[in-house]
>>> print(open('model.txt').read())   # compact mmCIF, C-alpha atoms
# COMPACT_ATOMS: atom_id res chain seq x y z
CA MET A 147 153.90 -64.47 -46.12
CA VAL A 148 151.40 -63.29 -43.53
CA THR A 149 152.20 -59.66 -44.37
CA ASP A 150 151.03 -60.28 -47.96
CA GLN A 151 147.52 -60.83 -46.58
CA ILE A 152 147.48 -57.59 -44.54
CA SER A 153 146.23 -54.35 -46.05
CA LYS A 154 148.88 -51.74 -46.76
CA LYS A 155 146.84 -49.17 -44.81
CA LEU A 156 146.98 -51.29 -41.68
CA LEU A 157 150.72 -51.90 -42.07
CA ARG A 158 151.29 -48.12 -42.26
CA MET A 159 149.16 -47.59 -39.16
CA ALA A 160 151.17 -50.24 -37.33
CA GLU A 161 154.44 -48.50 -38.19
CA GLU A 162 153.08 -45.17 -36.96
CA SER A 163 151.91 -46.75 -33.69
CA ASP A 164 155.43 -47.37 -32.36
CA GLU A 165 156.08 -43.66 -31.81
CA VAL A 166 152.62 -42.94 -30.38
CA LEU A 167 152.86 -45.86 -27.94
CA LYS A 168 156.48 -45.32 -26.85
CA ASN A 169 155.68 -43.92 -23.39
CA VAL A 170 153.11 -46.67 -22.73
CA TYR A 171 155.62 -49.34 -23.76
CA ASP A 172 158.31 -47.72 -21.57
CA GLU A 173 156.13 -48.04 -18.46
CA ILE A 174 155.46 -51.71 -19.27
CA ASP A 175 159.23 -52.20 -19.56
CA ARG A 176 159.73 -50.58 -16.13
CA VAL A 177 157.30 -52.98 -14.47
CA CYS A 178 158.90 -55.93 -16.28
CA LEU A 179 162.32 -54.99 -14.88
CA ALA A 180 160.97 -54.65 -11.33
CA ASN A 181 159.27 -58.06 -11.48
CA SER A 182 162.31 -59.66 -13.10
CA ASP A 183 164.43 -58.35 -10.23
CA ARG A 184 162.09 -59.91 -7.64
CA ILE A 185 162.02 -63.27 -9.42
CA LEU A 186 165.76 -63.46 -10.09
CA SER A 187 166.48 -62.52 -6.48
CA ALA A 188 164.18 -65.31 -5.27
CA PHE A 189 165.96 -67.85 -7.50
CA ILE A 190 169.35 -66.80 -6.13
CA GLU A 191 168.18 -66.69 -2.51
CA ASN A 192 166.77 -70.22 -2.76
CA LYS A 193 169.92 -71.58 -4.44
CA VAL A 194 168.16 -73.16 -7.41
CA SER A 195 170.28 -76.00 -8.77
CA TYR A 196 170.14 -78.10 -11.92
CA THR A 197 169.41 -81.08 -9.69
CA ASP A 198 166.12 -79.40 -8.68
CA PHE A 199 164.76 -80.24 -12.15
CA ALA A 200 164.89 -84.02 -11.52
CA ASP A 201 161.84 -86.17 -12.29
CA ILE A 202 160.44 -87.39 -8.97
CA ASN A 203 157.72 -89.98 -9.53
CA GLY A 204 155.54 -92.25 -7.44
CA TYR A 205 154.59 -90.64 -4.15
CA GLY A 206 156.88 -87.69 -4.83
CA ASN A 207 158.64 -87.81 -1.48
CA TYR A 208 161.67 -85.58 -0.81
CA ASP A 209 161.33 -83.36 -3.88
CA THR A 210 163.63 -80.48 -2.92
CA GLY A 211 163.05 -78.82 -6.29
CA ARG A 212 159.31 -78.71 -5.72
CA ASP A 213 159.88 -77.25 -2.25
CA LYS A 214 162.16 -74.51 -3.61
CA LEU A 215 159.71 -73.72 -6.39
CA GLU A 216 156.91 -73.22 -3.89
CA ARG A 217 159.06 -70.96 -1.71
CA ILE A 218 159.90 -68.87 -4.77
CA PHE A 219 156.25 -68.57 -5.80
CA ALA A 220 155.37 -67.48 -2.26
CA THR A 221 158.02 -64.76 -2.41
CA VAL A 222 156.96 -63.54 -5.85
CA LEU A 223 153.30 -63.35 -4.78
CA GLY A 224 154.01 -61.69 -1.44
CA CYS A 225 152.77 -64.68 0.58
CA GLU A 226 153.98 -66.95 3.40
CA ASP A 227 153.61 -70.23 1.49
CA ALA A 228 152.44 -71.66 -1.81
CA LEU A 229 151.17 -74.85 -3.42
CA VAL A 230 152.36 -75.17 -7.04
CA ARG A 231 151.48 -78.48 -8.66
CA PRO A 232 150.91 -80.12 -12.06
CA GLN A 233 147.94 -81.87 -10.44
CA ILE A 234 146.17 -78.49 -10.48
CA MET A 235 145.07 -78.42 -14.11
CA SER A 236 143.64 -74.90 -14.50
CA GLY A 237 142.68 -71.69 -12.76
CA THR A 238 139.14 -72.99 -12.29
CA ASN A 239 140.53 -76.14 -10.68
CA ALA A 240 142.74 -74.05 -8.39
CA LEU A 241 139.79 -71.91 -7.34
CA PHE A 242 137.57 -74.90 -6.59
CA LEU A 243 140.40 -76.54 -4.65
CA ALA A 244 140.79 -73.44 -2.47
CA PHE A 245 137.05 -72.90 -1.98
CA SER A 246 136.37 -76.52 -1.07
CA ALA A 247 139.30 -76.62 1.36
CA LEU A 248 138.39 -73.44 3.20
CA LEU A 249 134.57 -73.57 3.19
CA LYS A 250 132.49 -76.13 5.11
CA HIS A 251 128.78 -76.82 5.51
CA GLY A 252 127.04 -73.72 6.88
CA ASP A 253 129.85 -71.31 5.96
CA THR A 254 129.11 -68.19 3.95
CA MET A 255 131.25 -66.89 1.10
CA ILE A 256 130.66 -63.53 -0.48
CA SER A 257 131.83 -62.19 -3.83
CA LEU A 258 132.81 -58.55 -3.51
CA THR A 259 132.93 -58.08 -7.29
CA GLY A 260 129.45 -59.20 -8.30
CA THR A 261 128.68 -62.27 -10.37
CA PRO A 262 131.85 -64.30 -11.02
CA TYR A 263 132.84 -65.32 -14.52
CA ASP A 264 131.03 -68.08 -16.29
CA SER A 265 133.17 -71.09 -15.43
CA LEU A 266 132.76 -70.44 -11.68
CA GLN A 267 128.98 -70.26 -11.65
CA GLU A 268 128.28 -73.99 -11.78
CA MET A 269 131.13 -74.57 -9.33
CA ILE A 270 129.43 -72.32 -6.80
CA GLY A 271 125.95 -73.60 -7.63
CA LEU A 272 124.52 -70.49 -9.27
CA CYS A 273 123.51 -72.60 -12.25
CA GLY A 274 123.37 -76.29 -13.14
CA ASN A 275 122.66 -79.10 -10.72
CA SER A 276 126.08 -80.55 -9.89
CA SER A 277 126.14 -82.67 -6.75
CA GLN A 278 129.70 -81.39 -6.15
CA SER A 279 129.01 -77.65 -6.18
CA LEU A 280 129.64 -75.53 -3.10
CA LYS A 281 125.89 -75.03 -2.75
CA ALA A 282 125.33 -78.80 -2.78
CA TYR A 283 127.77 -79.09 0.13
CA GLY A 284 125.87 -76.52 2.16
CA VAL A 285 128.01 -73.46 1.51
CA LYS A 286 125.98 -70.26 1.36
CA TYR A 287 126.77 -67.69 -1.33
CA GLU A 288 126.18 -63.94 -1.45
CA GLN A 289 127.46 -61.19 -3.70
CA ILE A 290 127.79 -57.43 -3.65
CA ASP A 291 127.86 -55.84 -7.07
CA LEU A 292 130.32 -53.19 -8.16
CA ILE A 293 129.01 -49.64 -8.63
CA SER A 294 130.47 -47.93 -11.70
CA ASN A 295 133.50 -50.25 -11.60
CA GLU A 296 134.16 -49.46 -7.94
CA PHE A 297 133.70 -51.55 -4.80
CA ASP A 298 130.45 -50.82 -2.95
CA GLU A 299 132.57 -50.14 0.11
CA LYS A 300 129.79 -49.05 2.42
CA THR A 301 127.71 -52.20 1.81
CA ILE A 302 130.78 -54.45 2.00
CA ILE A 303 131.95 -53.03 5.34
CA GLU A 304 128.47 -53.25 6.82
CA ARG A 305 128.01 -56.86 5.70
CA ILE A 306 131.43 -58.18 6.68
CA GLY A 307 131.28 -56.24 9.93
CA ARG A 308 128.53 -58.63 11.08
CA LYS A 309 131.31 -61.26 11.34
CA ASP A 310 129.38 -64.22 9.94
CA VAL A 311 131.17 -64.40 6.56
CA LYS A 312 133.92 -67.03 6.33
CA LEU A 313 135.48 -66.01 3.00
CA ALA A 314 135.34 -62.85 0.89
CA GLU A 315 136.41 -63.27 -2.73
CA ILE A 316 137.72 -60.59 -5.08
CA GLN A 317 137.93 -61.29 -8.81
CA ARG A 318 140.72 -59.06 -10.07
CA SER A 319 140.04 -59.59 -13.78
CA ARG A 320 136.89 -58.59 -15.61
CA GLY A 321 136.16 -62.12 -16.83
CA TYR A 322 133.35 -62.14 -19.39
CA SER A 323 131.86 -58.84 -18.25
CA ALA A 324 131.83 -55.21 -19.30
CA ARG A 325 133.33 -53.96 -16.04
CA ALA A 326 136.95 -52.92 -15.78
CA SER A 327 139.59 -54.99 -14.03
CA LEU A 328 140.58 -53.90 -10.51
CA ASP A 329 144.00 -52.48 -9.74
CA LEU A 330 145.90 -53.28 -6.58
CA ASP A 331 145.58 -49.80 -5.10
CA ARG A 332 141.81 -50.24 -4.86
CA ILE A 333 142.13 -53.80 -3.60
CA GLN A 334 144.63 -52.70 -0.93
CA HIS A 335 142.33 -49.92 0.26
CA LEU A 336 139.34 -52.27 0.53
CA ILE A 337 141.33 -54.91 2.42
CA SER A 338 142.57 -52.32 4.92
CA GLU A 339 138.99 -51.11 5.51
CA ILE A 340 137.71 -54.67 5.94
CA ARG A 341 140.40 -55.39 8.52
CA LYS A 342 139.17 -52.52 10.65
CA VAL A 343 135.83 -54.30 11.19
CA ASN A 344 136.74 -57.98 10.79
CA SER A 345 140.18 -59.50 11.32
CA GLU A 346 139.01 -63.10 10.89
CA VAL A 347 137.39 -63.20 7.44
CA ILE A 348 139.54 -64.90 4.79
CA ILE A 349 140.17 -62.51 1.89
CA MET A 350 140.86 -64.36 -1.33
CA VAL A 351 141.93 -62.83 -4.64
CA ASP A 352 141.38 -64.61 -7.94
CA ASN A 353 144.61 -63.47 -9.58
CA CYS A 354 144.04 -65.05 -13.01
CA TYR A 355 145.34 -62.84 -15.85
CA GLY A 356 146.74 -60.29 -13.38
CA GLU A 357 150.13 -61.66 -12.30
CA LEU A 358 153.12 -59.37 -12.98
CA VAL A 359 151.01 -56.72 -14.70
CA GLU A 360 151.78 -54.40 -11.79
CA ASP A 361 155.00 -54.34 -9.77
CA ARG A 362 153.42 -56.07 -6.77
CA GLU A 363 150.89 -58.82 -6.13
CA PRO A 364 147.75 -59.29 -3.97
CA GLY A 365 149.80 -60.92 -1.21
CA HIS A 366 151.77 -57.69 -0.87
CA VAL A 367 148.58 -55.74 -0.16
CA GLY A 368 147.06 -58.03 2.46
CA ALA A 369 145.25 -60.87 0.66
CA ASP A 370 145.12 -64.12 2.67
CA ILE A 371 144.84 -66.40 -0.38
CA VAL A 372 145.88 -65.80 -3.99
CA VAL A 373 144.91 -68.23 -6.77
CA GLY A 374 145.88 -68.64 -10.42
CA SER A 375 146.88 -70.83 -13.37
CA LEU A 376 150.29 -71.60 -14.86
CA MET A 377 148.77 -71.63 -18.34
CA LYS A 378 148.39 -67.91 -17.87
CA ASN A 379 150.93 -65.31 -16.80
CA LEU A 380 153.20 -67.11 -14.33
CA GLY A 381 153.75 -70.06 -16.66
CA GLY A 382 155.56 -67.74 -19.05
CA GLY A 383 154.36 -69.68 -22.07
CA VAL A 384 156.63 -72.56 -20.99
CA ALA A 385 154.58 -74.45 -18.38
CA SER A 386 152.30 -76.94 -20.12
CA THR A 387 149.89 -77.40 -17.21
CA GLY A 388 149.59 -76.51 -13.53
CA GLY A 389 148.17 -73.99 -11.12
CA TYR A 390 148.96 -72.39 -7.80
CA VAL A 391 147.41 -71.37 -4.51
CA ALA A 392 149.50 -69.04 -2.32
CA GLY A 393 148.82 -67.35 0.99
CA ARG A 394 148.96 -67.76 4.75
CA SER A 395 150.77 -70.92 5.83
CA ASP A 396 147.83 -72.32 7.81
CA LEU A 397 145.46 -71.88 4.88
CA ILE A 398 147.89 -73.40 2.38
CA GLN A 399 148.18 -76.46 4.62
CA MET A 400 144.41 -76.86 4.48
CA VAL A 401 144.41 -76.56 0.69
CA ALA A 402 147.29 -79.05 0.42
CA GLU A 403 145.42 -81.59 2.53
CA ARG A 404 142.41 -81.15 0.27
CA LEU A 405 144.60 -81.86 -2.76
CA THR A 406 146.36 -84.90 -1.28
CA ALA A 407 145.00 -86.16 2.07
CA PRO A 408 144.98 -85.15 5.74
CA GLY A 409 148.37 -85.98 7.23
CA ILE A 410 150.08 -85.79 3.83
CA GLY A 411 149.52 -82.20 2.76
CA LYS A 412 152.45 -80.75 0.79
CA GLU A 413 154.81 -83.64 1.50
CA GLN A 414 153.84 -85.76 -1.49
CA GLY A 415 152.98 -85.33 -5.14
CA ALA A 416 154.93 -86.52 -8.17
CA ASN A 417 156.18 -83.65 -10.33
CA PHE A 418 155.60 -85.49 -13.66
CA ASN A 419 158.93 -84.12 -14.84
CA GLN A 420 157.50 -80.58 -14.84
CA ASN A 421 159.92 -78.89 -12.44
CA ASN A 422 162.14 -77.58 -15.23
CA ASN A 423 159.14 -76.15 -17.11
CA PHE A 424 157.74 -74.56 -13.96
CA PHE A 425 161.04 -72.95 -12.95
CA LYS A 426 161.80 -71.79 -16.48
CA GLY A 427 158.24 -70.59 -17.06
CA LEU A 428 158.31 -68.47 -13.92
CA PHE A 429 161.74 -67.11 -14.87
CA MET A 430 160.46 -66.13 -18.34
CA SER A 431 157.10 -64.83 -17.15
CA PRO A 432 157.93 -61.11 -16.75
CA GLY A 433 158.95 -60.97 -20.41
CA ALA A 434 155.91 -62.97 -21.51
CA VAL A 435 153.58 -60.65 -19.59
CA ARG A 436 155.36 -57.62 -21.06
CA SER A 437 154.76 -58.96 -24.58
CA ALA A 438 151.13 -59.75 -23.81
CA LEU A 439 150.56 -56.23 -22.48
CA LYS A 440 152.23 -54.58 -25.46
CA THR A 441 150.15 -56.73 -27.80
CA ALA A 442 147.00 -55.64 -25.95
CA VAL A 443 148.02 -51.97 -26.09
CA PHE A 444 148.74 -52.27 -29.82
CA SER A 445 145.38 -53.96 -30.39
CA ALA A 446 143.54 -51.22 -28.50
CA TYR A 447 145.33 -48.48 -30.43
CA MET A 448 144.53 -50.01 -33.81
CA MET A 449 140.90 -50.65 -32.95
CA GLU A 450 140.37 -47.17 -31.55
CA LYS A 451 141.88 -45.65 -34.69
CA LEU A 452 139.62 -47.81 -36.86
CA GLY A 453 136.49 -46.74 -34.98
CA PHE A 454 135.53 -49.93 -33.17
CA LYS A 455 133.15 -49.47 -30.23
CA ASN A 456 133.86 -49.96 -26.52
CA VAL A 457 137.55 -50.74 -26.75
CA SER A 458 138.56 -51.50 -23.16
CA PRO A 459 140.99 -50.68 -21.73
CA ARG A 460 141.87 -47.80 -24.04
CA TYR A 461 145.43 -47.96 -25.29
CA ASP A 462 146.70 -45.38 -22.78
CA GLU A 463 144.74 -46.55 -19.72
CA LYS A 464 146.36 -48.17 -16.70
CA ARG A 465 146.14 -51.96 -16.87
CA THR A 466 145.93 -54.56 -14.13
CA ASP A 467 145.41 -57.66 -16.27
CA ILE A 468 146.28 -58.82 -19.80
CA ILE A 469 142.71 -58.86 -21.14
CA GLN A 470 141.67 -56.60 -24.01
CA THR A 471 138.05 -56.31 -25.11
CA VAL A 472 136.29 -54.79 -28.09
CA GLU A 473 132.68 -54.74 -29.17
CA LEU A 474 132.36 -56.16 -32.68
CA GLY A 475 128.63 -55.63 -33.12
CA SER A 476 127.63 -58.83 -34.89
CA GLU A 477 128.15 -62.57 -34.79
CA GLU A 478 129.65 -62.37 -38.29
CA ASN A 479 132.35 -59.90 -37.23
CA LEU A 480 133.05 -61.90 -34.07
CA VAL A 481 133.60 -65.08 -36.05
CA ARG A 482 135.66 -63.37 -38.76
CA PHE A 483 138.02 -61.78 -36.26
CA THR A 484 138.62 -64.99 -34.31
CA GLN A 485 139.15 -66.84 -37.60
CA GLY A 486 141.84 -64.29 -38.46
CA ILE A 487 143.59 -64.87 -35.14
CA GLN A 488 143.44 -68.64 -35.67
CA GLU A 489 144.74 -68.41 -39.23
CA SER A 490 147.81 -66.48 -38.04
CA SER A 491 148.57 -68.87 -35.17
CA PRO A 492 151.69 -71.07 -35.23
CA VAL A 493 149.64 -74.17 -34.33
CA ASP A 494 146.38 -75.30 -36.00
CA SER A 495 146.36 -72.32 -38.38
CA PHE A 496 144.29 -74.45 -40.78
CA VAL A 497 141.44 -74.92 -38.28
CA ARG A 498 138.25 -73.00 -39.08
CA VAL A 499 136.82 -71.41 -35.95
CA LEU A 500 133.05 -71.64 -35.46
CA PRO A 501 130.71 -71.10 -32.48
CA ALA A 502 130.28 -74.22 -30.34
CA PRO A 503 129.35 -75.33 -26.80
CA MET A 504 132.18 -75.37 -24.24
CA PRO A 505 132.25 -77.16 -20.88
CA GLY A 506 131.63 -74.83 -17.96
CA TYR A 507 130.13 -72.02 -20.03
CA PRO A 508 126.38 -71.32 -20.40
CA PHE A 509 126.48 -70.01 -24.00
CA ASP A 510 128.07 -71.10 -27.26
CA GLU A 511 131.64 -69.85 -27.44
CA VAL A 512 133.88 -68.88 -30.30
CA MET A 513 137.57 -69.35 -29.55
CA ALA A 514 140.85 -68.92 -31.39
CA CYS A 515 143.85 -70.43 -29.63
CA GLY A 516 146.54 -71.83 -31.89
CA ALA A 517 148.89 -72.35 -28.98
CA PHE A 518 151.72 -74.73 -28.12
CA THR A 519 149.83 -75.56 -24.90
CA GLN A 520 146.14 -76.32 -25.31
CA GLY A 521 144.09 -73.58 -23.67
CA SER A 522 147.08 -71.37 -22.87
CA THR A 523 146.02 -67.74 -22.51
CA ILE A 524 149.47 -66.22 -22.15
CA GLU A 525 149.85 -67.23 -25.78
CA LEU A 526 147.68 -65.04 -28.02
CA SER A 527 144.07 -66.14 -27.92
CA ALA A 528 140.67 -64.61 -28.60
CA ASP A 529 137.31 -65.86 -27.40
CA ALA A 530 133.80 -64.72 -26.64
CA PRO A 531 130.31 -65.85 -25.75
CA VAL A 532 128.22 -65.62 -28.92
CA ILE A 533 125.65 -63.20 -27.52
CA PRO A 534 124.98 -59.47 -28.08
CA PRO A 535 126.79 -57.07 -28.10
CA TYR A 536 129.34 -59.61 -29.40
CA THR A 537 132.23 -58.48 -27.26
CA LEU A 538 135.55 -60.16 -28.02
CA PHE A 539 138.04 -60.96 -25.24
CA MET A 540 141.70 -61.17 -26.24
CA GLN A 541 144.71 -62.01 -24.11
CA GLY A 542 148.30 -63.10 -24.41
CA GLY A 543 151.03 -62.84 -27.01
CA LEU A 544 154.52 -64.26 -26.49
CA SER A 545 156.10 -61.50 -28.55
CA LEU A 546 154.89 -58.14 -29.79
CA GLU A 547 156.00 -58.98 -33.32
CA TYR A 548 153.87 -62.14 -33.52
CA GLY A 549 151.05 -60.30 -31.78
CA LYS A 550 151.10 -57.51 -34.34
CA LEU A 551 150.95 -59.93 -37.25
CA SER A 552 147.97 -61.78 -35.80
CA ILE A 553 146.02 -58.65 -34.92
CA LEU A 554 146.69 -57.07 -38.31
CA LEU A 555 145.59 -60.20 -40.18
CA ALA A 556 142.44 -60.47 -38.07
CA LEU A 557 141.61 -56.81 -38.71
CA SER A 558 142.25 -57.20 -42.44
CA LYS A 559 139.93 -60.18 -42.60
CA THR A 560 137.20 -58.48 -40.58
CA LEU A 561 137.28 -55.15 -42.40
CA LYS A 562 137.59 -56.68 -45.88
CA GLU A 563 134.74 -59.16 -45.43
CA ALA A 564 132.58 -56.57 -43.69
CA ASP A 565 132.74 -54.24 -46.73
>>> encode(input="model.txt", output="structure tokens")
Amino acid sequence: MVTDQISKKLLRMAEESDEVLKNVYDEIDRVCLANSDRILSAFIENKVSYTDFADINGYGNYDTGRDKLERIFATVLGCEDALVRPQIMSGTNALFLAFSALLKHGDTMISLTGTPYDSLQEMIGLCGNSSQSLKAYGVKYEQIDLISNEFDEKTIIERIGRKDVKLAEIQRSRGYSARASLDLDRIQHLISEIRKVNSEVIIMVDNCYGELVEDREPGHVGADIVVGSLMKNLGGGVASTGGYVAGRSDLIQMVAERLTAPGIGKEQGANFNQNNNFFKGLFMSPGAVRSALKTAVFSAYMMEKLGFKNVSPRYDEKRTDIIQTVELGSEENLVRFTQGIQESSPVDSFVRVLPAPMPGYPFDEVMACGAFTQGSTIELSADAPVIPPYTLFMQGGLSLEYGKLSILLALSKTLKEAD
């Protein structure tokens, strides 16, 4: 039994946590109900039928299920249209697809949240020498750093007011950085201020890890393009691949033509028998996100009580994504904790986690992800770049019960071996 490997002290702390965290859990339940209402209403409005789950192969012509799915995603994300396809293999792939469709030689893009996370840097051309990066294609890149976790609004408005920026990108999640994630109130305020000085710039939100954490989405607050992965929140732990780009209809058409070909756009694309998984994953996603958030809150509470440094967000802070971080202080602790997560995973529990290179990342990474879908981050996972101050990034958890067991085993392993 997993509980036999967990210290009795930690089990008692876990029991005590339920009462302390009740109000936090109740608010997460409220948001889950609101998002479930929006998704269920969209299913009913679009008359989803069992026949919409049919496998459409070859060119993928006349896939009414795919068309309904994309209308539902657009509604859920507060957008006019959406592209939801198994051919989009990850969030990084979805981001590159959107960037390369919307930016041409000589265009300028600007990050409004500072340096993007690691896997985007080679894509943009900030590192490496890829002949396919945005920089290699003549796209110019600028960034404006956050100031104390807030937008540098004055600098942003002045720069975008010059009206020579094609696309402004906002990364909602913290990525591999110490800064906090950005809630939709702040994003909405910034978008409204930008629109006062520039109505043409495309405002894009990288929504990875943030879907359904609040009771609205970036499209509801004025974003032109919203991008994410189905192996994260909106896949609900059911989708085994896929990504989405949602937004203004004219922009989605451009992205679709980049994915397929000019003149084809959204009209073709085999579904690889994934329609059922995509519909079901979206339907289950509010509950999956609720479990991931409760697992993160529980993790933060336990780590704060045990005296770990820089636990972020704190257990009672407002959240806008599913990521939980903690500073573990040493490579040894980082490895021990991720090994504990891996050992309590339902898949590949026997695998011993060690630091190793990972494509798209500039440093060795340590990663625990014993998931039913390889790389899924709505299922409980933990990873980190192996560099000081050895900050661990955790996300996911398909149920609070499984999440508790994994976190408690990882803490037992770390604290026992650190003694």
>>> residues_around(input="model.txt", residues="Gln485 in chain A", least_positions_apart="3", cutoff="10 Å", atoms="only C-alpha atoms", output="tab-separated table (two decimals) with C-alpha atoms, in the coordinates of the input")
chain	number	residue	atom	x	y	z
A	479	ASN	CA	132.35	-59.90	-37.23
A	480	LEU	CA	133.05	-61.90	-34.07
A	481	VAL	CA	133.60	-65.08	-36.05
A	482	ARG	CA	135.66	-63.37	-38.76
A	488	GLN	CA	143.44	-68.64	-35.67
A	489	GLU	CA	144.74	-68.41	-39.23
A	490	SER	CA	147.81	-66.48	-38.04
A	491	SER	CA	148.57	-68.87	-35.17
A	495	SER	CA	146.36	-72.32	-38.38
A	496	PHE	CA	144.29	-74.45	-40.78
A	497	VAL	CA	141.44	-74.92	-38.28
A	498	ARG	CA	138.25	-73.00	-39.08
A	499	VAL	CA	136.82	-71.41	-35.95
A	500	LEU	CA	133.05	-71.64	-35.46
A	512	VAL	CA	133.88	-68.88	-30.30
A	513	MET	CA	137.57	-69.35	-29.55
A	514	ALA	CA	140.85	-68.92	-31.39
A	515	CYS	CA	143.85	-70.43	-29.63
A	528	ALA	CA	140.67	-64.61	-28.60
A	555	LEU	CA	145.59	-60.20	-40.18
A	556	ALA	CA	142.44	-60.47	-38.07
A	559	LYS	CA	139.93	-60.18	-42.60
A	560	THR	CA	137.20	-58.48	-40.58
>>> closest_residue(input="model.txt", among="A:Asp253, A:Glu478, A:Glu226, A:Glu216", to="Ala369 in chain A", atoms="only C-alpha atoms")
A:Glu226
>>> residues_around(input="model.txt", residues="His335 in chain A", least_positions_apart="5", cutoff="12 Å", atoms="all atoms listed in the file", output="VMD selection string")
chain A and resid 296 to 297 299 303 328 to 330 340 to 342 364 367 to 369
>>> write_last_selection(input="model.txt", atoms="C-alpha atoms", output="PDB file, in the coordinates of the input")
ATOM      1  CA  GLU A 296     134.160 -49.460  -7.940  1.00  0.00           C
ATOM      2  CA  PHE A 297     133.700 -51.550  -4.800  1.00  0.00           C
ATOM      3  CA  GLU A 299     132.570 -50.140   0.110  1.00  0.00           C
ATOM      4  CA  ILE A 303     131.950 -53.030   5.340  1.00  0.00           C
ATOM      5  CA  LEU A 328     140.580 -53.900 -10.510  1.00  0.00           C
ATOM      6  CA  ASP A 329     144.000 -52.480  -9.740  1.00  0.00           C
ATOM      7  CA  LEU A 330     145.900 -53.280  -6.580  1.00  0.00           C
ATOM      8  CA  ILE A 340     137.710 -54.670   5.940  1.00  0.00           C
ATOM      9  CA  ARG A 341     140.400 -55.390   8.520  1.00  0.00           C
ATOM     10  CA  LYS A 342     139.170 -52.520  10.650  1.00  0.00           C
ATOM     11  CA  PRO A 364     147.750 -59.290  -3.970  1.00  0.00           C
ATOM     12  CA  VAL A 367     148.580 -55.740  -0.160  1.00  0.00           C
ATOM     13  CA  GLY A 368     147.060 -58.030   2.460  1.00  0.00           C
ATOM     14  CA  ALA A 369     145.250 -60.870   0.660  1.00  0.00           C
TER      15      ALA A 369
END
>>> residues_around(input="model.txt", residues="Tyr536 in chain A", least_positions_apart="2", cutoff="7 Å", atoms="all atoms listed in the file", output="number ranges by chain")
A: 473-477, 480, 532-534, 538
>>> closest_residue(input="model.txt", among="A:Phe444, A:Phe424, A:Tyr263, A:Phe518", to="Pro232 in chain A", atoms="only C-alpha atoms")
A:Phe424
>>> residues_around(input="model.txt", residues="Ile348 in chain A", least_positions_apart="2", cutoff="7 Å", atoms="only C-alpha atoms", output="list in words")
Lys312, Leu313, Ala314, Glu346, Met350 and Asp370 of chain A
>>> closest_residue(input="model.txt", among="A:Cys225, A:Val177, A:Val343, A:Leu167", to="Arg308 in chain A", atoms="all atoms listed in the file")
A:Val343
>>> atom_distance(input="model.txt", atom1="CA of Ile333 in chain A", atom2="CA of Ile302 in chain A")
12.7 Å
>>> atom_distance(input="model.txt", atom1="CA of Lys168 in chain A", atom2="CA of Tyr461 in chain A")
11.5 Å
>>> residues_around(input="model.txt", residues="Ile234 in chain A", least_positions_apart="2", cutoff="9 Å", atoms="all atoms listed in the file", output="list in words")
Val230, Arg231, Pro232, Ser236, Gly237, Asn239, Ala240, Leu243, Ser375, Thr387, Gly388, Gly389, Tyr390 and Leu405 of chain A
>>> atom_distance(input="model.txt", atom1="CA of Ala247 in chain A", atom2="CA of Gly204 in chain A")
24.2 Å
>>> closest_residue(input="model.txt", among="A:Gly224, A:Gly374, A:Gly356, A:Gly211", to="Asp198 in chain A", atoms="all atoms listed in the file")
A:Gly211
>>> closest_residue(input="model.txt", among="A:Asn192, A:Asn295, A:Thr537, A:Thr519", to="Gly381 in chain A", atoms="all atoms listed in the file")
A:Thr519
>>> axis_aligned_box(input="model.txt", around="range 339-353 of chain A", padding_each_side="5 Å", output="AutoDock Vina command-line options")
--center_x 140.2 --center_y -58.0 --center_z 0.9 --size_x 18.8 --size_y 23.8 --size_z 30.9
>>> closest_residue(input="model.txt", among="A:Lys300, A:Lys412, A:Lys440, A:Lys193", to="Val359 in chain A", atoms="only C-alpha atoms")
A:Lys440
